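Data file: work.csv. Format and content: CSV, C-alpha atoms (C1' of nucleotides).
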chain,number,residue,atom,x,y,z
C,1,MET,CA,70.0,-52.8,-1.9
C,2,ASP,CA,69.3,-51.3,1.5
C,3,LYS,CA,72.6,-50.4,3.2
C,4,GLN,CA,71.2,-50.9,6.6
C,5,MET,CA,70.2,-54.5,6.1
C,6,LYS,CA,73.9,-55.5,5.8
C,7,LYS,CA,74.8,-54.2,9.3
C,8,GLY,CA,76.2,-56.9,11.4
C,9,VAL,CA,75.8,-59.5,8.7
C,10,LEU,CA,78.9,-58.6,6.9
C,11,ASP,CA,81.1,-59.7,9.8
C,12,LEU,CA,79.5,-63.1,9.4
C,13,CYS,CA,80.0,-63.1,5.7
C,14,VAL,CA,83.7,-62.4,6.0
C,15,LEU,CA,84.3,-64.9,8.7
C,16,SER,CA,82.3,-67.5,6.9
C,17,VAL,CA,84.3,-67.1,3.6
C,18,LEU,CA,87.5,-67.1,5.6
C,19,SER,CA,86.5,-70.3,7.3
C,20,GLU,CA,86.7,-72.0,3.9
C,21,GLU,CA,90.1,-70.5,2.9
C,22,ASP,CA,92.5,-67.7,3.6
C,23,CYS,CA,91.8,-64.6,1.5
C,24,TYR,CA,93.2,-61.2,0.9
C,25,GLY,CA,91.0,-58.1,1.1
C,26,TYR,CA,90.5,-57.5,-2.6
C,27,GLN,CA,89.6,-61.1,-3.1
C,28,LEU,CA,87.0,-60.9,-0.3
C,29,VAL,CA,85.5,-57.9,-2.0
C,30,GLU,CA,85.1,-59.9,-5.2
C,31,LYS,CA,83.8,-63.0,-3.6
C,32,ILE,CA,81.3,-61.3,-1.4
C,33,SER,CA,80.1,-58.8,-4.0
C,34,ALA,CA,79.2,-61.7,-6.2
C,35,ALA,CA,76.5,-62.5,-3.6
C,36,ILE,CA,75.5,-59.1,-2.2
C,37,GLU,CA,76.5,-55.5,-3.0
C,38,ILE,CA,79.6,-54.5,-1.2
C,39,SER,CA,82.4,-52.0,-1.6
C,40,GLU,CA,86.1,-51.8,-0.7
C,41,GLY,CA,85.5,-48.9,1.7
C,42,THR,CA,83.4,-51.4,3.7
C,43,ILE,CA,85.7,-54.4,3.7
C,44,TYR,CA,89.0,-52.9,4.7
C,45,PRO,CA,87.9,-51.2,7.8
C,46,LEU,CA,85.9,-54.3,8.7
C,47,LEU,CA,89.0,-56.5,8.4
C,48,LYS,CA,91.0,-54.2,10.5
C,49,ARG,CA,88.3,-54.3,13.2
C,50,LEU,CA,88.0,-58.1,13.1
C,51,GLN,CA,91.8,-58.3,13.5
C,52,LYS,CA,91.8,-55.9,16.3
C,53,ASP,CA,89.2,-58.0,18.1
C,54,GLY,CA,91.4,-61.0,17.7
C,55,LEU,CA,89.2,-62.9,15.3
C,56,LEU,CA,91.6,-62.7,12.4
C,57,ALA,CA,95.3,-63.0,11.9
C,58,SER,CA,97.1,-61.8,8.8
C,59,TYR,CA,100.3,-62.4,6.7
C,60,ILE,CA,101.8,-60.8,3.7
C,61,ARG,CA,102.5,-62.7,0.5
C,62,GLU,CA,104.1,-61.3,-2.6
C,63,SER,CA,102.4,-61.4,-6.0
C,64,SER,CA,103.8,-61.4,-9.4
C,65,GLU,CA,100.6,-59.9,-10.8
C,66,GLY,CA,100.7,-56.7,-8.7
C,67,PRO,CA,101.3,-55.4,-5.2
C,68,ALA,CA,101.8,-57.7,-2.3
C,69,ARG,CA,98.7,-59.3,-0.8
C,70,LYS,CA,97.6,-59.3,2.8
C,71,TYR,CA,96.0,-62.6,3.6
C,72,TYR,CA,93.6,-63.0,6.5
C,73,LYS,CA,92.9,-66.2,8.3
C,74,LEU,CA,90.6,-67.1,11.2
C,75,THR,CA,92.0,-67.4,14.7
C,76,PRO,CA,90.4,-69.9,17.1
C,77,GLU,CA,88.3,-67.1,18.5
C,78,GLY,CA,87.3,-66.2,15.0
C,79,ILE,CA,86.1,-69.8,14.4
C,80,THR,CA,84.0,-69.6,17.6
C,81,LYS,CA,82.6,-66.2,16.7
C,82,CYS,CA,81.8,-67.5,13.2
C,83,LYS,CA,79.8,-70.4,14.7
C,84,ARG,CA,77.9,-68.2,17.0
C,85,LEU,CA,77.0,-65.6,14.4
C,86,ARG,CA,75.9,-68.3,12.0
C,87,LYS,CA,73.5,-69.6,14.7
C,88,GLU,CA,72.2,-66.1,15.4
C,89,TRP,CA,71.8,-65.4,11.7
C,90,PHE,CA,69.7,-68.5,11.1
C,91,GLU,CA,67.5,-67.7,14.1
C,92,PHE,CA,67.2,-64.1,13.0
C,93,TYR,CA,66.1,-64.7,9.4
C,94,ASN,CA,63.8,-67.5,10.5
C,95,GLY,CA,62.2,-65.0,12.9
C,96,VAL,CA,61.9,-62.4,10.2
C,97,ASN,CA,60.5,-64.8,7.7
C,98,LYS,CA,57.9,-65.9,10.2
C,99,LEU,CA,56.7,-62.3,10.4
C,100,LEU,CA,56.8,-61.8,6.7
C,101,GLY,CA,55.0,-65.1,5.9
C,102,ARG,CA,51.9,-63.8,7.6
C,103,GLY,CA,51.6,-60.3,6.2
C,104,ASN,CA,51.7,-60.1,2.5
C,105,GLY,CA,52.0,-56.8,0.7
C,106,ASP,CA,52.2,-58.6,-2.6
C,107,GLU,CA,52.2,-62.0,-4.3
L,108,MET,CA,71.0,-61.2,19.3
L,109,ASP,CA,73.2,-58.9,17.4
L,110,LYS,CA,71.7,-55.4,17.4
L,111,GLN,CA,73.3,-54.6,14.1
L,112,MET,CA,71.7,-57.4,12.2
L,113,LYS,CA,68.3,-55.8,12.7
L,114,LYS,CA,69.2,-52.5,11.0
L,115,GLY,CA,67.0,-51.9,8.0
L,116,VAL,CA,65.0,-55.1,8.5
L,117,LEU,CA,62.8,-53.7,11.2
L,118,ASP,CA,61.2,-51.3,8.8
L,119,LEU,CA,60.2,-54.3,6.7
L,120,CYS,CA,58.9,-56.2,9.8
L,121,VAL,CA,56.7,-53.3,10.8
L,122,LEU,CA,55.4,-52.7,7.3
L,123,SER,CA,54.7,-56.4,6.8
L,124,VAL,CA,52.8,-56.9,10.0
L,125,LEU,CA,50.8,-53.7,9.2
L,126,SER,CA,50.0,-55.1,5.8
L,127,GLU,CA,48.0,-57.8,7.5
L,128,GLU,CA,46.1,-55.6,10.0
L,129,ASP,CA,46.2,-52.2,11.6
L,130,CYS,CA,48.1,-52.2,14.9
L,131,TYR,CA,49.0,-49.8,17.7
L,132,GLY,CA,52.6,-49.4,18.8
L,133,TYR,CA,52.5,-51.5,21.9
L,134,GLN,CA,50.9,-54.3,19.9
L,135,LEU,CA,53.6,-54.2,17.3
L,136,VAL,CA,56.3,-54.5,20.0
L,137,GLU,CA,54.5,-57.6,21.3
L,138,LYS,CA,54.0,-59.2,17.9
L,139,ILE,CA,57.5,-58.5,16.6
L,140,SER,CA,59.3,-59.4,19.8
L,141,ALA,CA,57.7,-62.8,19.6
L,142,ALA,CA,59.8,-63.4,16.5
L,143,ILE,CA,62.9,-61.3,17.1
L,144,GLU,CA,64.2,-59.3,20.1
L,145,ILE,CA,63.0,-55.8,20.0
L,146,SER,CA,62.3,-53.0,22.5
L,147,GLU,CA,59.8,-50.0,22.7
L,148,GLY,CA,62.6,-47.5,22.3
L,149,THR,CA,63.1,-48.9,18.8
L,150,ILE,CA,59.5,-49.2,17.6
L,151,TYR,CA,58.2,-45.8,18.5
L,152,PRO,CA,60.8,-43.6,16.8
L,153,LEU,CA,60.6,-46.0,13.9
L,154,LEU,CA,56.8,-45.5,13.5
L,155,LYS,CA,57.3,-41.8,13.7
L,156,ARG,CA,59.8,-42.0,10.9
L,157,LEU,CA,57.7,-44.2,8.7
L,158,GLN,CA,54.8,-41.8,9.1
L,159,LYS,CA,56.9,-38.8,8.4
L,160,ASP,CA,58.0,-40.6,5.2
L,161,GLY,CA,54.4,-41.0,4.2
L,162,LEU,CA,54.4,-44.8,4.5
L,163,LEU,CA,52.0,-44.9,7.4
L,164,ALA,CA,48.9,-43.1,8.5
L,165,SER,CA,47.5,-43.1,12.1
L,166,TYR,CA,44.3,-42.7,14.0
L,167,ILE,CA,43.5,-42.7,17.7
L,168,ARG,CA,41.0,-45.1,19.3
L,169,GLU,CA,39.9,-45.2,22.9
L,170,SER,CA,40.4,-48.3,24.9
L,171,SER,CA,38.4,-49.4,28.0
L,172,GLU,CA,41.5,-51.3,29.2
L,173,GLY,CA,43.9,-48.4,29.5
L,174,PRO,CA,45.1,-45.3,27.7
L,175,ALA,CA,43.9,-44.5,24.1
L,176,ARG,CA,45.7,-46.4,21.4
L,177,LYS,CA,47.3,-45.0,18.3
L,178,TYR,CA,46.7,-47.3,15.4
L,179,TYR,CA,48.9,-47.3,12.3
L,180,LYS,CA,47.9,-48.4,8.8
L,181,LEU,CA,49.8,-48.6,5.6
L,182,THR,CA,49.4,-45.9,3.0
L,183,PRO,CA,49.5,-46.8,-0.7
L,184,GLU,CA,53.2,-45.7,-0.6
L,185,GLY,CA,53.7,-47.9,2.4
L,186,ILE,CA,52.3,-50.9,0.4
L,187,THR,CA,54.7,-50.2,-2.4
L,188,LYS,CA,57.6,-49.8,-0.1
L,189,CYS,CA,56.7,-53.0,1.7
L,190,LYS,CA,56.7,-54.9,-1.6
L,191,ARG,CA,60.1,-53.5,-2.6
L,192,LEU,CA,61.7,-54.2,0.8
L,193,ARG,CA,60.3,-57.8,0.8
L,194,LYS,CA,62.0,-58.4,-2.5
L,195,GLU,CA,65.2,-56.9,-1.3
L,196,TRP,CA,65.1,-58.9,1.8
L,197,PHE,CA,64.7,-62.2,-0.1
L,198,GLU,CA,67.5,-61.3,-2.4
L,199,PHE,CA,69.7,-60.3,0.5
L,200,TYR,CA,69.3,-63.4,2.6
L,201,ASN,CA,69.5,-65.7,-0.3
L,202,GLY,CA,72.8,-64.0,-1.2
L,203,VAL,CA,74.1,-64.4,2.4
L,204,ASN,CA,73.0,-68.0,2.6
L,205,LYS,CA,74.9,-68.7,-0.6
L,206,LEU,CA,78.0,-67.3,1.0
L,207,LEU,CA,77.4,-69.2,4.2
L,208,GLY,CA,76.6,-72.5,2.5
L,209,ARG,CA,80.1,-72.8,1.3
L,210,GLY,CA,82.2,-71.9,4.3
L,211,ASN,CA,81.3,-73.9,7.4
L,212,GLY,CA,82.8,-73.0,10.7
L,213,ASP,CA,80.7,-75.6,12.3
L,214,GLU,CA,78.1,-78.4,11.8
F,215,DA,C1',109.0,-41.9,-21.7
F,216,DC,C1',104.2,-41.3,-20.6
F,217,DA,C1',99.3,-42.4,-20.1
F,218,DT,C1',96.0,-45.7,-18.9
F,219,DA,C1',94.1,-49.5,-16.6
F,220,DC,C1',94.0,-53.1,-13.3
F,221,DT,C1',95.4,-54.9,-9.0
F,222,DA,C1',95.8,-54.1,-4.1
F,223,DC,C1',95.7,-51.5,0.1
F,224,DC,C1',94.1,-47.8,3.2
F,225,DT,C1',91.7,-43.5,5.6
F,226,DT,C1',88.3,-39.7,6.5
F,227,DG,C1',83.8,-37.9,7.0
F,228,DT,C1',78.9,-38.7,6.6
F,229,DT,C1',74.7,-40.9,7.6
F,230,DA,C1',71.4,-43.9,9.5
F,231,DT,C1',69.5,-46.4,13.2
F,232,DA,C1',68.9,-49.6,17.3
F,233,DC,C1',68.4,-49.2,22.1
F,234,DA,C1',69.0,-48.2,27.0
F,235,DA,C1',67.2,-45.2,30.0
F,236,DG,C1',64.1,-42.3,31.3
F,237,DC,C1',59.6,-39.9,31.3
F,238,DT,C1',54.1,-39.2,31.4
F,239,DA,C1',49.6,-41.0,32.0
F,240,DC,C1',45.4,-44.2,32.3
F,241,DC,C1',43.1,-48.2,34.5
F,242,DG,C1',42.2,-51.9,37.8
F,243,DT,C1',43.3,-54.5,42.1
F,244,DG,C1',44.8,-55.2,46.7
S,245,DC,C1',46.9,-45.0,47.8
S,246,DA,C1',50.5,-47.9,46.1
S,247,DC,C1',51.5,-50.9,42.6
S,248,DG,C1',51.6,-53.3,38.2
S,249,DG,C1',50.1,-53.5,33.6
S,250,DT,C1',49.0,-50.9,29.4
S,251,DA,C1',50.2,-47.2,26.3
S,252,DG,C1',52.7,-43.6,24.5
S,253,DC,C1',57.0,-40.7,23.9
S,254,DT,C1',62.1,-38.5,24.0
S,255,DT,C1',67.2,-38.0,24.6
S,256,DG,C1',71.7,-39.6,24.1
S,257,DT,C1',75.1,-43.0,22.6
S,258,DA,C1',77.3,-46.4,19.9
S,259,DT,C1',78.0,-48.7,15.7
S,260,DA,C1',78.7,-49.6,11.0
S,261,DA,C1',78.3,-49.1,5.8
S,262,DC,C1',80.0,-46.5,2.2
S,263,DA,C1',81.3,-42.6,-0.9
S,264,DA,C1',85.2,-40.4,-2.0
S,265,DG,C1',89.7,-39.9,-1.9
S,266,DG,C1',94.6,-41.4,-1.5
S,267,DT,C1',99.0,-44.6,-2.3
S,268,DA,C1',101.6,-47.9,-5.0
S,269,DG,C1',102.9,-52.0,-8.0
S,270,DT,C1',102.5,-54.3,-12.7
S,271,DA,C1',101.3,-54.4,-17.6
S,272,DT,C1',99.9,-52.5,-22.0
S,273,DG,C1',99.6,-49.2,-25.6
S,274,DT,C1',101.5,-45.1,-28.1
What would the structure in this file look like if it were written as structure tokens?
Amino acid sequence: MDKQMKKGVLDLCVLSVLSEEDCYGYQLVEKISAAIEISEGTIYPLLKRLQKDGLLASYIRESSEGPARKYYKLTPEGITKCKRLRKEWFEFYNGVNKLLGRGNGDE
Amino acid sequence: MDKQMKKGVLDLCVLSVLSEEDCYGYQLVEKISAAIEISEGTIYPLLKRLQKDGLLASYIRESSEGPARKYYKLTPEGITKCKRLRKEWFEFYNGVNKLLGRGNGDE
DNA sequence: ACATACTACCTTGTTATACAAGCTACCGTG
DNA sequence: CACGGTAGCTTGTATAACAAGGTAGTATGT
């Protein structure tokens, strides 16, 4: 999968998954990579950035199965951002699909 | 609109529009910006890159309405690439929509 | 005791690309 | 002759995805 396609959309993916339930980083990697290719080296810096921007808050919780987990949850700003990005995403892919629908290099 | 979202998808947009008919750069800007926000500073370097990569060929044609126009058309490699990117794009946005469908920060 | 594997977190350096800003130049109209 | 529209192009900047590497806890096998 083209790396570049994911730019900007991964923020939305993370925010959207977190709008459903609090998750720790490793869990997010698993959830998101079930839908699109993603690696740890992408998610952790991204989480840090989103937290720095005030969109996420975090808390540590111990685990009996391994190291302690750092859970992230949306802040009110995160919820707002998530809504706006969702809207942008839908507008964006509808626009792209409009362009693609006309030209057809295959089918 | 988020700049980052467009990364990687614009190649596909250009190739897809060109798969329908030959276009010159300025025309591509107009066509594509009707669907998603785009600027000249993005399209021209992109066309150059796609041509360098052997996906596009170009020819000059005079215009009575202004300066000569540089038309671009797909090469066989360009057609192949267009097909592959289309497939990737559909897989990608379906994956994203799957993630978004679950979490809902709005609606 | 030691190696291996899985969980879980994090950082550094590389690479690609979108775009603002700026430039040149042709044509027609006022 | 100035101006706006058409048409092309370049340079510099900012951003983000990811490979590759590191740390550390828990559990299993030998």
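Across the structure, atom CA of Lys70 of chain C and atom C1' of DC224 of chain F are spaced 12.0 Å apart.
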Determine, counting only C-alpha atoms (C1' of nucleotides), which protein, DNA and RNA residues have an atom within 12 Å of an atom of DG256 of chain S; residues of the same chain fewer than 2 positions away are not included. Present the result as a PyMOL selection string.
(chain F and resi 233-236) or (chain S and resi 254+258)
With a distance threshold of 10 Å and counting only C-alpha atoms, extract the residues of chain L near chain C and express them as a ChimeraX atom specification.
/L:108-128,138-144,181,185-214
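Atom C1' of DC253 of chain S to atom CA of Gly161 of chain L spans 19.9 Å [interatomic distance, one decimal].
Shortest atom-to-atom contact with chain S among C:Gly25, C:Pro76, C:Pro45, C:Gly66: C:Gly66, counting all atoms listed in the file.
One finds atom C1' of DC240 of chain F at 4.7 Å from atom CA of Pro174 of chain L.
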